[in-house]
Structure formats: C-alpha cells, structure tokens
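Shown next: target17.txt, containing compact mmCIF, C-alpha atoms.
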# COMPACT_ATOMS: atom_id res chain seq x y z
CA MET A 1 0.00 0.00 0.00
CA MET A 2 2.80 2.35 0.98
CA ARG A 3 4.78 1.46 -2.12
CA ARG A 4 1.84 2.18 -4.37
CA SER A 5 1.26 5.64 -2.90
CA VAL A 6 4.96 6.44 -3.36
CA SER A 7 4.80 5.49 -7.03
CA VAL A 8 1.64 7.57 -7.47
CA ALA A 9 3.49 10.52 -5.91
CA VAL A 10 6.48 9.98 -8.22
CA PHE A 11 4.17 9.77 -11.23
CA THR A 12 2.43 12.97 -10.16
CA ALA A 13 5.78 14.67 -9.79
CA PHE A 14 6.73 13.67 -13.33
CA VAL A 15 3.46 15.06 -14.66
CA VAL A 16 4.03 18.33 -12.81
CA LEU A 17 7.61 18.50 -14.09
CA GLY A 18 6.32 17.79 -17.59
CA ILE A 19 3.94 20.74 -17.36
CA ALA A 20 6.72 22.96 -16.01
CA ALA A 21 8.99 21.91 -18.89
CA THR A 22 6.26 22.71 -21.42
CA GLY A 23 5.86 26.12 -19.78
CA ALA A 24 9.60 26.72 -20.15
CA LYS A 25 9.47 25.90 -23.86
CA THR A 26 6.62 28.34 -24.30
CA LEU A 27 8.81 30.96 -22.60
CA VAL A 28 11.68 30.40 -25.00
CA ALA A 29 9.37 30.57 -28.00
CA GLY A 30 7.88 33.72 -26.50
CA GLY A 31 4.97 33.56 -28.92
CA GLN A 32 2.28 32.52 -26.50
CA GLN A 33 0.58 34.99 -24.23
CA LYS A 34 -0.94 32.51 -21.81
CA PRO A 35 -0.36 33.39 -18.15
CA GLN A 36 2.14 31.06 -16.56
CA SER A 37 3.77 30.30 -13.28
CA ALA A 38 7.48 30.97 -13.00
CA GLU A 39 9.93 30.22 -10.23
CA VAL A 40 12.96 32.14 -9.02
CA LYS A 41 15.24 30.47 -6.49
CA ILE A 42 17.38 32.38 -4.05
CA ASP A 43 20.67 30.53 -3.54
CA ASN A 44 24.04 31.76 -2.34
CA PHE A 45 22.97 35.40 -2.17
CA SER A 46 21.72 35.49 -5.77
CA PHE A 47 18.45 35.29 -7.68
CA GLY A 48 18.30 32.43 -10.19
CA PRO A 49 17.58 33.11 -12.92
CA ALA A 50 18.55 36.76 -12.45
CA ALA A 51 16.34 37.73 -15.40
CA ILE A 52 13.10 35.99 -16.26
CA THR A 53 10.62 36.65 -19.07
CA VAL A 54 6.92 35.91 -18.58
CA SER A 55 3.68 36.84 -20.29
CA SER A 56 1.29 39.34 -18.75
CA GLY A 57 -0.87 37.85 -16.01
CA SER A 58 1.84 35.41 -14.94
CA THR A 59 2.67 34.74 -11.33
CA VAL A 60 6.31 34.61 -10.27
CA THR A 61 7.20 32.81 -7.04
CA TRP A 62 10.49 33.36 -5.25
CA THR A 63 11.81 30.75 -2.80
CA ASN A 64 14.60 31.53 -0.35
CA ARG A 65 16.91 28.52 -0.12
CA ASP A 66 19.68 30.31 1.82
CA ASP A 67 20.46 30.03 5.53
CA ILE A 68 20.02 33.79 5.72
CA PRO A 69 16.79 35.78 5.26
CA HIS A 70 16.25 37.81 2.10
CA THR A 71 13.58 40.08 0.63
CA VAL A 72 12.23 40.65 -2.86
CA VAL A 73 11.62 44.37 -3.37
CA SER A 74 10.86 46.38 -6.50
CA ALA A 75 13.62 48.86 -7.36
CA ASP A 76 11.06 51.28 -8.86
CA ASP A 77 9.56 54.30 -7.19
CA PRO A 78 6.77 53.76 -6.25
CA LYS A 79 7.52 50.12 -5.55
CA ALA A 80 5.56 47.70 -7.75
CA PHE A 81 5.91 44.93 -5.16
CA LYS A 82 7.60 44.29 -1.83
CA SER A 83 7.82 41.01 0.08
CA LYS A 84 8.00 40.59 3.80
CA VAL A 85 11.29 39.15 4.97
CA LEU A 86 11.65 35.55 3.73
CA ASP A 87 13.33 33.14 6.10
CA THR A 88 14.78 29.86 4.84
CA ASP A 89 12.33 28.03 2.50
CA GLU A 90 9.73 30.80 2.67
CA LYS A 91 8.10 31.98 -0.56
CA PHE A 92 6.76 35.18 -2.06
CA SER A 93 4.51 35.37 -5.13
CA PHE A 94 3.47 38.31 -7.26
CA THR A 95 1.24 38.40 -10.33
CA PHE A 96 2.42 40.75 -13.08
CA THR A 97 -0.53 42.21 -14.95
CA LYS A 98 1.18 44.97 -16.94
CA PRO A 99 3.93 44.49 -19.55
CA GLY A 100 7.26 46.08 -18.73
CA THR A 101 10.62 45.45 -17.11
CA TYR A 102 10.56 45.16 -13.33
CA ALA A 103 13.93 45.52 -11.63
CA TYR A 104 14.07 44.23 -8.08
CA PHE A 105 16.59 43.55 -5.30
CA CYS A 106 17.01 42.21 -1.77
CA SER A 107 16.63 45.21 0.53
CA ILE A 108 18.81 43.47 3.16
CA HIS A 109 21.62 42.61 0.72
CA PRO A 110 21.23 45.20 -2.03
CA LYS A 111 24.02 43.68 -4.14
CA MET A 112 21.46 40.98 -4.95
CA THR A 113 19.50 42.20 -7.98
CA GLY A 114 17.22 40.66 -10.60
CA LYS A 115 14.54 41.57 -13.13
CA VAL A 116 11.24 40.29 -14.43
CA ILE A 117 10.40 41.10 -18.05
CA VAL A 118 6.65 40.98 -18.65
CA GLN A 119 5.55 40.71 -22.29
CA MET B 1 41.70 42.69 4.30
CA ALA B 2 40.30 42.79 0.83
CA GLY B 3 43.82 42.57 -0.50
CA LYS B 4 43.30 45.68 -2.58
CA GLY B 5 46.26 48.01 -2.67
CA LYS B 6 44.20 51.07 -1.87
CA ASN B 7 43.00 49.53 1.38
CA GLU B 8 46.46 48.98 2.75
CA LEU B 9 48.42 51.52 4.69
CA LEU B 10 51.47 52.21 2.58
CA HIS B 11 52.79 55.37 4.18
CA ASP B 12 52.94 56.86 7.60
CA HIS B 13 51.09 60.02 6.61
CA ASN B 14 50.82 61.66 9.97
CA HIS B 15 54.00 60.28 11.51
CA ASP B 16 52.00 58.30 14.02
CA GLY B 17 54.48 55.46 13.98
CA ILE B 18 52.18 53.00 12.24
CA ASP B 19 53.86 51.89 9.06
CA ARG B 20 52.71 49.05 6.89
CA ARG B 21 54.98 46.59 8.63
CA GLY B 22 53.61 47.49 12.03
CA PHE B 23 50.10 47.27 10.73
CA LEU B 24 50.65 43.84 9.23
CA LYS B 25 52.30 42.71 12.44
CA CYS B 26 49.10 43.66 14.20
CA MET B 27 47.00 42.01 11.52
CA ALA B 28 48.87 38.74 12.00
CA TRP B 29 47.06 38.26 15.27
CA ALA B 30 43.62 39.06 13.89
CA GLY B 31 41.25 36.17 14.24
CA THR B 32 43.30 34.46 16.90
CA GLY B 33 42.78 37.21 19.45
CA ALA B 34 44.82 40.37 19.30
CA PHE B 35 45.66 43.23 21.52
CA CYS B 36 46.97 46.33 19.80
CA VAL B 37 48.04 49.39 21.71
CA MET B 38 49.16 52.73 20.40
CA SER B 39 51.52 54.13 22.97
CA GLY B 40 53.73 57.16 22.56
CA GLY B 41 53.36 56.86 18.82
CA VAL B 42 54.48 53.23 18.72
CA LEU B 43 52.16 50.41 17.78
CA ARG B 44 52.52 47.30 19.87
CA SER B 45 50.68 44.06 19.39
CA TYR B 46 50.35 41.14 21.75
CA SER B 47 48.82 37.73 21.41
CA MET B 48 45.84 37.21 23.68
CA SER B 49 47.68 34.26 25.21
CA ARG B 50 50.33 36.67 26.56
CA LEU B 51 47.86 39.08 28.14
CA ALA B 52 48.10 37.34 31.51
CA GLU B 53 51.85 38.04 31.62
CA LEU B 54 51.47 41.75 30.98
CA ASP B 55 51.58 44.44 33.60
CA PRO B 56 47.93 45.50 34.03
CA LYS B 57 49.09 49.13 34.12
CA GLU B 58 50.36 48.70 30.59
CA ILE B 59 46.95 47.75 29.24
CA ALA B 60 44.70 49.68 31.57
CA GLY B 61 43.42 53.11 30.66
CA GLU B 62 41.06 55.75 31.89
CA LEU B 63 38.15 54.31 30.00
CA SER B 64 37.48 50.73 28.98
CA PHE B 65 34.47 49.40 27.15
CA ALA B 66 33.53 46.23 25.29
CA GLN B 67 32.06 45.80 21.84
CA ILE B 68 29.87 42.88 20.82
CA SER B 69 28.21 42.41 17.47
CA ASP B 70 25.99 40.28 15.27
CA SER B 71 24.34 38.15 17.93
CA HIS B 72 21.63 37.14 15.36
CA MET B 73 19.27 35.88 18.06
CA GLY B 74 16.82 33.50 16.35
CA PHE B 75 19.35 32.01 13.92
CA ASN B 76 19.26 28.22 14.32
CA LYS B 77 20.98 26.76 11.26
CA ALA B 78 23.97 24.41 11.12
CA ALA B 79 26.58 27.18 11.45
CA ASN B 80 25.40 27.65 15.07
CA PRO B 81 22.24 26.02 16.46
CA ASP B 82 22.76 27.78 19.83
CA VAL B 83 23.31 31.51 19.35
CA ALA B 84 21.92 32.16 22.85
CA GLY B 85 24.64 29.94 24.30
CA THR B 86 27.44 31.72 22.46
CA LEU B 87 26.04 35.15 23.44
CA LYS B 88 26.08 33.97 27.06
CA ALA B 89 29.71 32.90 26.53
CA ALA B 90 30.45 36.42 25.25
CA VAL B 91 28.90 37.88 28.42
CA ASP B 92 31.05 35.52 30.53
CA LYS B 93 34.09 36.73 28.59
CA ILE B 94 33.18 40.38 29.27
CA ASN B 95 32.66 39.61 32.95
CA GLY B 96 36.07 37.92 33.07
CA LEU B 97 38.10 40.80 31.58
CA SER B 98 40.90 41.98 33.86
CA VAL B 99 39.82 45.59 33.38
CA GLU B 100 36.07 45.83 33.87
CA PRO B 101 34.45 47.66 30.94
CA GLU B 102 32.25 50.60 31.87
CA PHE B 103 29.68 49.86 29.20
CA VAL B 104 28.99 47.71 26.15
CA LEU B 105 28.49 48.74 22.52
CA HIS B 106 26.39 46.41 20.37
CA THR B 107 27.06 47.12 16.71
CA GLY B 108 23.90 45.59 15.30
CA ASP B 109 22.20 42.46 14.02
CA ILE B 110 20.98 41.97 17.57
CA SER B 111 18.19 39.80 16.16
CA HIS B 112 17.99 37.58 13.11
CA LEU B 113 14.45 38.43 12.00
CA SER B 114 13.51 41.53 14.05
CA LYS B 115 11.11 39.45 16.18
CA PRO B 116 10.16 40.84 19.59
CA GLU B 117 11.12 37.58 21.32
CA GLU B 118 14.58 37.75 19.72
CA PHE B 119 15.18 41.26 21.06
CA ASP B 120 13.80 40.14 24.46
CA ALA B 121 16.24 37.22 24.60
CA VAL B 122 19.27 39.41 23.88
CA GLU B 123 18.26 42.00 26.48
CA GLN B 124 17.76 39.26 29.04
CA ILE B 125 21.16 37.64 28.38
CA LEU B 126 22.95 41.01 28.49
CA ARG B 127 21.42 41.71 31.91
CA ALA B 128 23.98 39.25 33.27
CA ALA B 129 26.86 41.44 32.03
CA LYS B 130 28.66 43.41 34.76
CA PRO B 131 28.44 46.62 32.72
CA GLN B 132 24.74 47.43 32.80
CA GLU B 133 24.81 50.17 30.20
CA VAL B 134 24.50 48.95 26.60
CA PHE B 135 24.50 51.24 23.55
CA TYR B 136 23.04 49.87 20.33
CA VAL B 137 23.00 50.67 16.65
CA PRO B 138 20.81 48.60 14.30
CA GLY B 139 21.95 46.06 11.74
CA GLU B 140 19.86 45.30 8.66
CA HIS B 141 18.38 42.30 10.49
CA ASP B 142 16.97 44.61 13.20
CA VAL B 143 14.90 46.83 10.91
CA LEU B 144 13.03 44.24 8.85
CA ASN B 145 9.40 44.88 7.92
CA ASP B 146 8.92 48.06 10.01
CA ASP B 147 11.77 50.39 8.94
CA GLY B 148 13.29 50.04 12.39
CA GLN B 149 10.37 51.37 14.44
CA GLN B 150 10.57 48.54 16.96
CA PHE B 151 14.34 48.92 17.24
CA ARG B 152 14.04 52.63 18.01
CA GLU B 153 11.30 52.06 20.59
CA ARG B 154 13.46 49.53 22.43
CA PHE B 155 17.02 50.74 21.96
CA GLY B 156 16.91 54.18 20.42
CA LYS B 157 15.26 56.39 23.05
CA GLY B 158 16.42 59.95 22.58
CA SER B 159 18.08 59.17 19.26
CA LYS B 160 17.63 61.22 16.09
CA GLY B 161 16.26 60.21 12.70
CA ALA B 162 16.65 56.49 12.03
CA GLY B 163 18.36 56.02 15.41
CA TRP B 164 21.66 57.95 15.37
CA TYR B 165 23.02 59.70 18.47
CA SER B 166 26.15 60.77 20.30
CA PHE B 167 27.32 60.85 23.91
CA ASP B 168 30.43 61.63 25.92
CA LYS B 169 32.30 59.45 28.40
CA LYS B 170 35.36 60.73 30.24
CA GLY B 171 36.24 63.16 27.50
CA VAL B 172 35.78 60.66 24.65
CA HIS B 173 33.03 61.52 22.15
CA PHE B 174 31.01 58.51 20.95
CA ILE B 175 28.88 58.63 17.80
CA GLY B 176 26.40 55.85 16.92
CA LEU B 177 25.46 55.89 13.22
CA VAL B 178 22.80 54.01 11.23
CA ASN B 179 23.82 52.79 7.77
CA VAL B 180 21.30 49.99 7.17
CA MET B 181 18.22 51.99 6.11
CA ASN B 182 16.89 52.85 2.64
CA LEU B 183 19.47 50.74 0.85
CA LYS B 184 19.38 51.09 -2.95
CA ALA B 185 19.40 48.25 -5.49
CA GLY B 186 22.99 47.30 -6.29
CA GLY B 187 24.30 49.64 -3.59
CA LEU B 188 26.17 49.53 -0.30
CA GLY B 189 25.39 50.66 3.23
CA SER B 190 24.12 54.22 3.34
CA LEU B 191 24.08 57.04 5.90
CA GLY B 192 22.00 59.51 3.92
CA HIS B 193 21.94 63.28 3.69
CA GLU B 194 20.02 64.00 6.90
CA GLN B 195 22.37 61.93 9.07
CA LEU B 196 25.49 63.40 7.43
CA GLU B 197 24.23 66.92 8.15
CA TRP B 198 23.58 65.96 11.75
CA LEU B 199 27.09 64.48 12.05
CA GLU B 200 28.75 67.59 10.66
CA ASP B 201 26.89 69.70 13.20
CA ASP B 202 27.50 67.24 16.06
CA VAL B 203 31.30 67.42 15.84
CA LYS B 204 31.60 71.07 14.80
CA HIS B 205 32.11 72.42 18.30
CA LEU B 206 34.43 69.70 19.60
CA LYS B 207 38.12 70.40 20.21
CA ASN B 208 40.50 68.75 17.76
CA SER B 209 42.12 66.92 20.66
CA THR B 210 38.87 65.13 21.58
CA PRO B 211 39.19 61.37 20.97
CA VAL B 212 36.27 60.26 18.80
CA VAL B 213 34.76 56.78 18.56
CA VAL B 214 32.31 56.13 15.73
CA PHE B 215 30.29 52.92 15.76
CA ALA B 216 27.93 51.60 13.08
CA HIS B 217 26.89 48.19 11.77
CA ILE B 218 28.20 48.01 8.19
CA PRO B 219 31.90 48.89 7.85
CA LEU B 220 32.55 52.57 7.16
CA TRP B 221 35.47 51.57 4.95
CA SER B 222 35.54 49.62 1.75
CA VAL B 223 36.19 46.07 2.97
CA TYR B 224 34.72 44.22 -0.02
CA PRO B 225 32.13 46.13 -2.06
CA GLU B 226 31.42 43.03 -4.18
CA TRP B 227 29.65 41.60 -1.12
CA GLY B 228 28.21 44.95 -0.06
CA TRP B 229 30.82 45.31 2.70
CA GLY B 230 31.15 49.06 2.68
CA THR B 231 29.15 52.28 3.01
CA GLU B 232 28.61 54.43 -0.07
CA ASP B 233 28.78 57.83 1.65
CA SER B 234 31.27 56.98 4.42
CA ALA B 235 34.00 59.19 2.85
CA GLN B 236 31.83 62.24 3.45
CA ALA B 237 31.25 61.24 7.07
CA LEU B 238 34.98 60.74 7.62
CA SER B 239 35.74 64.12 6.03
CA TYR B 240 33.97 65.75 8.99
CA LEU B 241 36.34 63.90 11.35
CA LYS B 242 39.61 64.89 9.67
CA LYS B 243 40.42 67.58 12.22
CA PHE B 244 40.57 65.12 15.11
CA GLY B 245 43.85 63.59 16.21
CA SER B 246 42.31 60.26 17.16
CA VAL B 247 39.31 58.61 15.50
CA THR B 248 38.39 54.98 16.12
CA VAL B 249 35.72 53.40 13.90
CA LEU B 250 34.07 50.22 15.20
CA ASN B 251 31.86 48.11 12.95
CA GLY B 252 30.34 44.63 12.72
CA HIS B 253 28.41 43.00 9.86
CA ILE B 254 31.23 40.92 8.35
CA HIS B 255 31.52 38.44 11.26
CA GLN B 256 35.31 38.55 11.41
CA THR B 257 37.96 40.85 12.84
CA MET B 258 39.80 43.24 10.56
CA GLN B 259 41.79 46.39 11.10
CA LYS B 260 42.99 49.19 8.95
CA VAL B 261 44.76 52.40 9.85
CA GLU B 262 44.44 55.37 7.56
CA GLY B 263 45.87 58.67 8.72
CA ASN B 264 44.20 59.61 11.99
CA VAL B 265 41.55 56.89 11.70
CA THR B 266 41.75 53.34 13.01
CA PHE B 267 39.07 51.06 11.56
CA HIS B 268 38.12 47.87 13.30
CA THR B 269 35.46 45.23 12.71
CA ALA B 270 34.37 42.88 15.49
CA ALA B 271 33.71 39.17 15.36
CA SER B 272 30.14 37.92 15.64
CA THR B 273 28.89 36.20 18.76
CA ALA B 274 26.78 33.90 16.53
CA PHE B 275 28.54 32.51 13.45
CA PRO B 276 31.57 33.26 11.25
CA GLN B 277 31.46 34.46 7.65
CA PRO B 278 34.11 33.76 4.99
CA ALA B 279 37.05 36.07 4.30
CA PRO B 280 36.30 38.47 1.42
CA GLY B 281 36.01 36.64 -1.88
CA LYS B 282 36.96 33.29 -0.33
CA ALA B 283 33.53 31.74 -0.96
CA ASP B 284 30.70 32.00 -3.49
CA SER B 285 28.71 34.18 -1.12
CA PRO B 286 29.05 35.78 2.32
CA GLY B 287 26.68 33.20 3.85
CA PRO B 288 27.27 31.60 7.27
CA MET B 289 30.42 29.51 7.42
CA LYS B 290 30.12 26.12 9.06
CA VAL B 291 33.12 25.08 11.11
CA PRO B 292 33.45 21.93 13.26
CA ALA B 293 31.46 22.43 16.50
CA GLU B 294 34.58 22.25 18.66
CA GLN B 295 36.12 25.12 16.69
CA LEU B 296 33.11 27.44 16.72
CA LYS B 297 34.09 29.46 19.78
CA SER B 298 37.52 30.11 18.29
CA VAL B 299 35.94 32.11 15.46
CA LEU B 300 33.43 34.04 17.59
CA GLY B 301 34.37 36.82 19.95
CA ILE B 302 34.18 40.14 21.69
CA THR B 303 36.28 43.28 21.41
CA GLY B 304 37.67 45.30 24.30
CA VAL B 305 38.75 48.91 23.88
CA ASN B 306 40.99 50.90 26.22
CA PHE B 307 41.52 54.62 26.15
CA VAL B 308 44.64 56.07 27.72
CA ARG B 309 44.75 59.86 27.88
CA GLY B 310 47.66 61.36 26.00
CA LYS B 311 47.95 58.46 23.58
CA GLN B 312 47.03 58.99 19.97
CA ALA B 313 44.72 56.05 19.52
CA LEU B 314 42.62 53.68 21.54
CA GLY B 315 43.87 50.18 22.28
CA VAL B 316 41.66 47.58 20.64
CA VAL B 317 41.61 43.97 21.83
CA ASP B 318 39.88 41.06 20.13
CA ALA B 319 39.20 38.00 22.24
CA THR B 320 37.67 34.77 21.02
CA LEU B 321 34.99 33.00 23.07
CA GLU B 322 37.26 30.07 23.88
Show this structure as structure tokens.
Amino acid sequence: MMRRSVSVAVFTAFVVLGIAATGAKTLVAGGQQKPQSAEVKIDNFSFGPAAITVSSGSTVTWTNRDDIPHTVVSADDPKAFKSKVLDTDEKFSFTFTKPGTYAYFCSIHPKMTGKVIVQ
Amino acid sequence: MAGKGKNELLHDHNHDGIDRRGFLKCMAWAGTGAFCVMSGGVLRSYSMSRLAELDPKEIAGELSFAQISDSHMGFNKAANPDVAGTLKAAVDKINGLSVEPEFVLHTGDISHLSKPEEFDAVEQILRAAKPQEVFYVPGEHDVLNDDGQQFRERFGKGSKGAGWYSFDKKGVHFIGLVNVMNLKAGGLGSLGHEQLEWLEDDVKHLKNSTPVVVFAHIPLWSVYPEWGWGTEDSAQALSYLKKFGSVTVLNGHIHQTMQKVEGNVTFHTAASTAFPQPAPGKADSPGPMKVPAEQLKSVLGITGVNFVRGKQALGVVDATLE
C-alpha cells in the first residue's frame, strides 16, 4: 500500500515537471501569451535566474533557499511589489498584470539584484 | 583585508608610527585574538595568550568598554544552532576581563528576524553582564518589515532620525550611526543626507584633541564592495572627522575581525557572537560559514577597547569566546 502511494506521488511529480517543462518551452518561444507560473530560487545570495521573461498575467514565485533571510523588493519608485522578509524556504509570489521590465533587489543585501520582463 | 592596494596603509602620513609593517604585524594576530596598543606613537601588538603576563598598568586606561556584534538571536541553522549559548559565553568573557568595561556597545544584528522575542532574549542575556549600560546601533536584520520602528522604541530612546546619536564618556566623544536603512538596489550601506548633516553639526564644536569613537553596523570603509561590505557615503562622514587627532571606527556586519589604519583613523570590525562568515572573496557568497562544532568558539568573539589619555589612539583587543 505504501509502495503504491509512493509510485503515485512519483508519477504525479513527473506530470508536474512535464507541465513545467512545457511552460519553459513556451517561454523560449515567446509567442504565446498565456499566463504562466514561474519560479525564481534564491541561492548563495543570488536570484536564479537573475532575469526571467513571462507573459502578462503570470505569477512569479520566489523561494529563499539560503540560511540567511532575504527580501524581494521592486527597485522602482513607487515600488511595484515588496515582500515581507523571507526566512529559509519561505516563498513570495506576485502576479504581473502589466507588460514592462521590473527591476528588483534584496533590501537586506542590495548587491542581490534581478529583473522580471513581462511581455 | 580585501587585499586591494588602496586599502592597505602604505605610508605613515601623519608620523603616528604606524607603518605598513607594524600594521601587518598587528594584523597577523587578527582572528586568533589580538591586543593592539598605540603608545607614545608606537604600535605594539600582543597575542591574547600573553595578556596574563602583561603588567595590568600597561593595558589599563582611563576608560574601557567592550564591543559585541551580530548576535543574530533567532538564527538556528547548522553554522550555530545555539546563538543564545554563544552570546552567554560572550557575556562571561566580558565579565572575566581583567579591566572591567564601563559599558557595552552592540554594533547591530541583535536579532535575526527583528522578532520581539529575539530582542527580548538578547536583552535578558545582556542583563547578566557586569556593565549594565549597553548602547546599540541597528543592523539590517533589526529593521526588517517596520523600517526600524521597533528597534528605536526599544534601543533608540532619545536618538535622532533612524536612530543615530552621540554621547560623551570621560572626555571621549562617541557617535552611533545608522547605515542599514533605505538601501538602494545594487548599492552599499548608506548614511544619507540627513544623518550626514547631523554628524557635521554634532562634531563642529568639539576640540581637535577630543578622541572620537564612531560605531555603526556596516563597515565605514571599503572592505569588499562586491559583497556589499562598505558604506557608499562613508568618505563624506569621515571628512567631517579629519580635524581630530584620534578617530576609532568600530563596525560589525562581516563576522570577522579586521583592522585598517588610515591617517588619523583606526578602523576595526568585530567578530560575531553567533557565526563566522568567509574572508572576502573566499567563498561564493558571504553566507554563514560552518566550522566543526569544537572550533566554533575560536571564530566568535568580543572586542575590548581601552583609552589612555595622551595616547594617539585607543587600544583595541579582540578575544575569542574560547
């Protein structure tokens, strides 16, 4: 019984990965305007990928994988978005509804910068 | 040291006796526990292990105080699962100093996540220190989510602006600065226009012979800008202090001891009481450095500072928690 539920979970993970991979291909092609979900990981005091391109209406989720807290804060004035402080493994999501280039940084470690390009 | 030529003392500009050789001699002890004294224009350095052999009169002064930094209360990752324990060890170290410090400076990152219970825990542990007076400046970890309002309510009574202030002790002028607010994307620590104006005014009426101690969280010298270890407008702040014969700058943030002497200014960063960080550029990022548990206390520490009237600079001592 246990073994079966593990294999179901693994199968589900593959399906999810498959969807994510399809989403990535769509990104590269850049032709589709369907809203997507995109992920940015925070590792070793950097945003990865540092620049990400999504279509309008997409939600970007940042995950802090460092031992040290970070923030995700728009570099624009007024700020388009601003997370609370993210401790290890905490996440922040923002949905981008208007096309444009959104520069952002970690307000605790301002050398950490990134951008979201919304098409 | 960042290893950059411009950060090293190459000449004895003001004939204060500190040449590059003397400076490096002092640096050789950094990290293992160092005691550096400026006396009659001559820099002397001693290993902490020799302190017991020294004549107390040689190291005593008219004013002694201790600096602690980066206690990061609330941090619980592998680099140190017990930051309360190591802060208590720092308090024990302060209480065991041969010359009892009159007060303690905490140069920021008191808490890890600006949580009330983290600040409470630090205050409670520091109550066991013999010196009961503690002066704080905030680190970036103390002003999360509320632009430092909680910090100022707890630790910044009577301070100006974002929490800066000055006070005098036995003829030494102390200035606490805040360089962790309103940081700009891609930038360094920042003091800002309003604070710089206040600083210029604060020191205007002091005699040139007044010893000045400046303390702030992020280094006020360019330690390693690639990791944000510097303050973008620190040169302007230091320009207001040029007239003074003795300026000592005490910082934290980089979780390791470093010293630099430039003209009339001695820069010093303190060790953390919580966890070490890598030497500049020696790792992919400045994240917490994990060392074997039995070595942890050898890379954490406190700093003691002695002021002897008539000497050009203050004696700065780093002691590990071992």
Enclose the full set of atoms of stretch 39-54 of chain A listed in the file within a box whose edges lie along x, y and z, apply 8 Å of padding to each of the six sides, and report centre and edge lengths in Å to one decimal as lines of an AutoDock Vina configuration file.
center_x = 15.5
center_y = 34.0
center_z = -10.6
size_x = 33.1
size_y = 23.5
size_z = 32.9
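For A:Thr113, the list of residues within 10 Å, based on only C-alpha atoms and with local chain neighbours fewer than 6 positions off taken out, reads Phe45, Ser46, Phe47, Ala50, Ala51, Val72, Val73, Ser74, Ala75, Ala103, Tyr104, Phe105, Cys106 and Ser107 of chain A; Ala185, Gly186 and Gly187 of chain B.
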Where does chain B meet chain A within 8 Å, residue by residue, with the nearest atom pair and distance in Å to one decimal for each, counting all atoms listed in the file, listed by chain and rising number, as CSV?
residue,atom,partner,partner_atom,distance
B:Lys77,CA,A:Asp67,CA,6.6
B:Leu113,CA,A:Pro69,CA,7.6
B:Glu140,CA,A:Ile108,CA,5.9
B:His141,CA,A:Ile108,CA,7.4
B:Leu144,CA,A:Val85,CA,6.6
B:Asn145,CA,A:Lys84,CA,6.1
B:Asn182,CA,A:Ser107,CA,7.9
B:Leu183,CA,A:Ser107,CA,6.2
B:Lys184,CA,A:Pro110,CA,6.2
B:Ala185,CA,A:Pro110,CA,5.0
B:Gly186,CA,A:Lys111,CA,4.3
B:Gly187,CA,A:Pro110,CA,5.6
B:Leu188,CA,A:Pro110,CA,6.8
B:Glu226,CA,A:Lys111,CA,7.4
B:Trp227,CA,A:Lys111,CA,6.7
B:Gly228,CA,A:Lys111,CA,6.0
B:Asp284,CA,A:Asn44,CA,6.8
B:Ser285,CA,A:Asn44,CA,5.4
B:Pro286,CA,A:Phe45,CA,7.6
B:Gly287,CA,A:Asn44,CA,6.9
B:Pro288,CA,A:Asp67,CA,7.2
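Atom CA of B:Leu206 lies 24.1 Å from atom CA of B:Gln67.
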Non-local contacts of stretch 211-224 of chain B (6 Å; all atoms listed in the file; under 6 positions in same chain excluded) as an MDAnalysis selection string
chainID B and resid 2 107:108 139 172:178 230:231 234 246:253
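Between atom CA of B:Gly304 and atom CA of B:Glu133 the interatomic distance comes to 15.0 Å.
Between atom CA of B:Ala271 and atom CA of B:His255 the interatomic distance comes to 4.7 Å.
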Counting all atoms listed in the file, closest pick from A:Lys79, A:Gly57, A:Lys115, A:Phe96 relative to A:Val40 is A:Lys115
Applying 8 Å and only C-alpha atoms, which residues near stretch 192-194 of chain B remain after dropping the ones on its own chain fewer than 3 positions away? List them as a ChimeraX atom specification.
/B:161,179,197-198,233
Applying 7 Å and all atoms listed in the file, which residues near A:Ser58 remain after dropping the ones on its own chain fewer than 2 positions away? List them as a VMD selection string.
chain A and resid 35 to 37 54 to 56 60 95 to 96
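Non-sequential neighbours of A:Ile52 (distance at most 10 Å, separation of 3 or more positions within a chain, only C-alpha atoms) are Leu27, Ala38, Glu39, Val40, Gly48, Pro49, Val60, Thr101, Tyr102, Gly114, Lys115, Val116, Ile117 and Val118 of chain A.
Across B:Met289, B:Val316, B:Leu296, B:Val83, the tightest approach to B:Thr266 is made by B:Val316 when counting all atoms listed in the file.
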Residue nearest A:Arg65 among A:Phe94, A:Ala80, A:Asp89, A:Gln119 (counting only C-alpha atoms):
A:Asp89
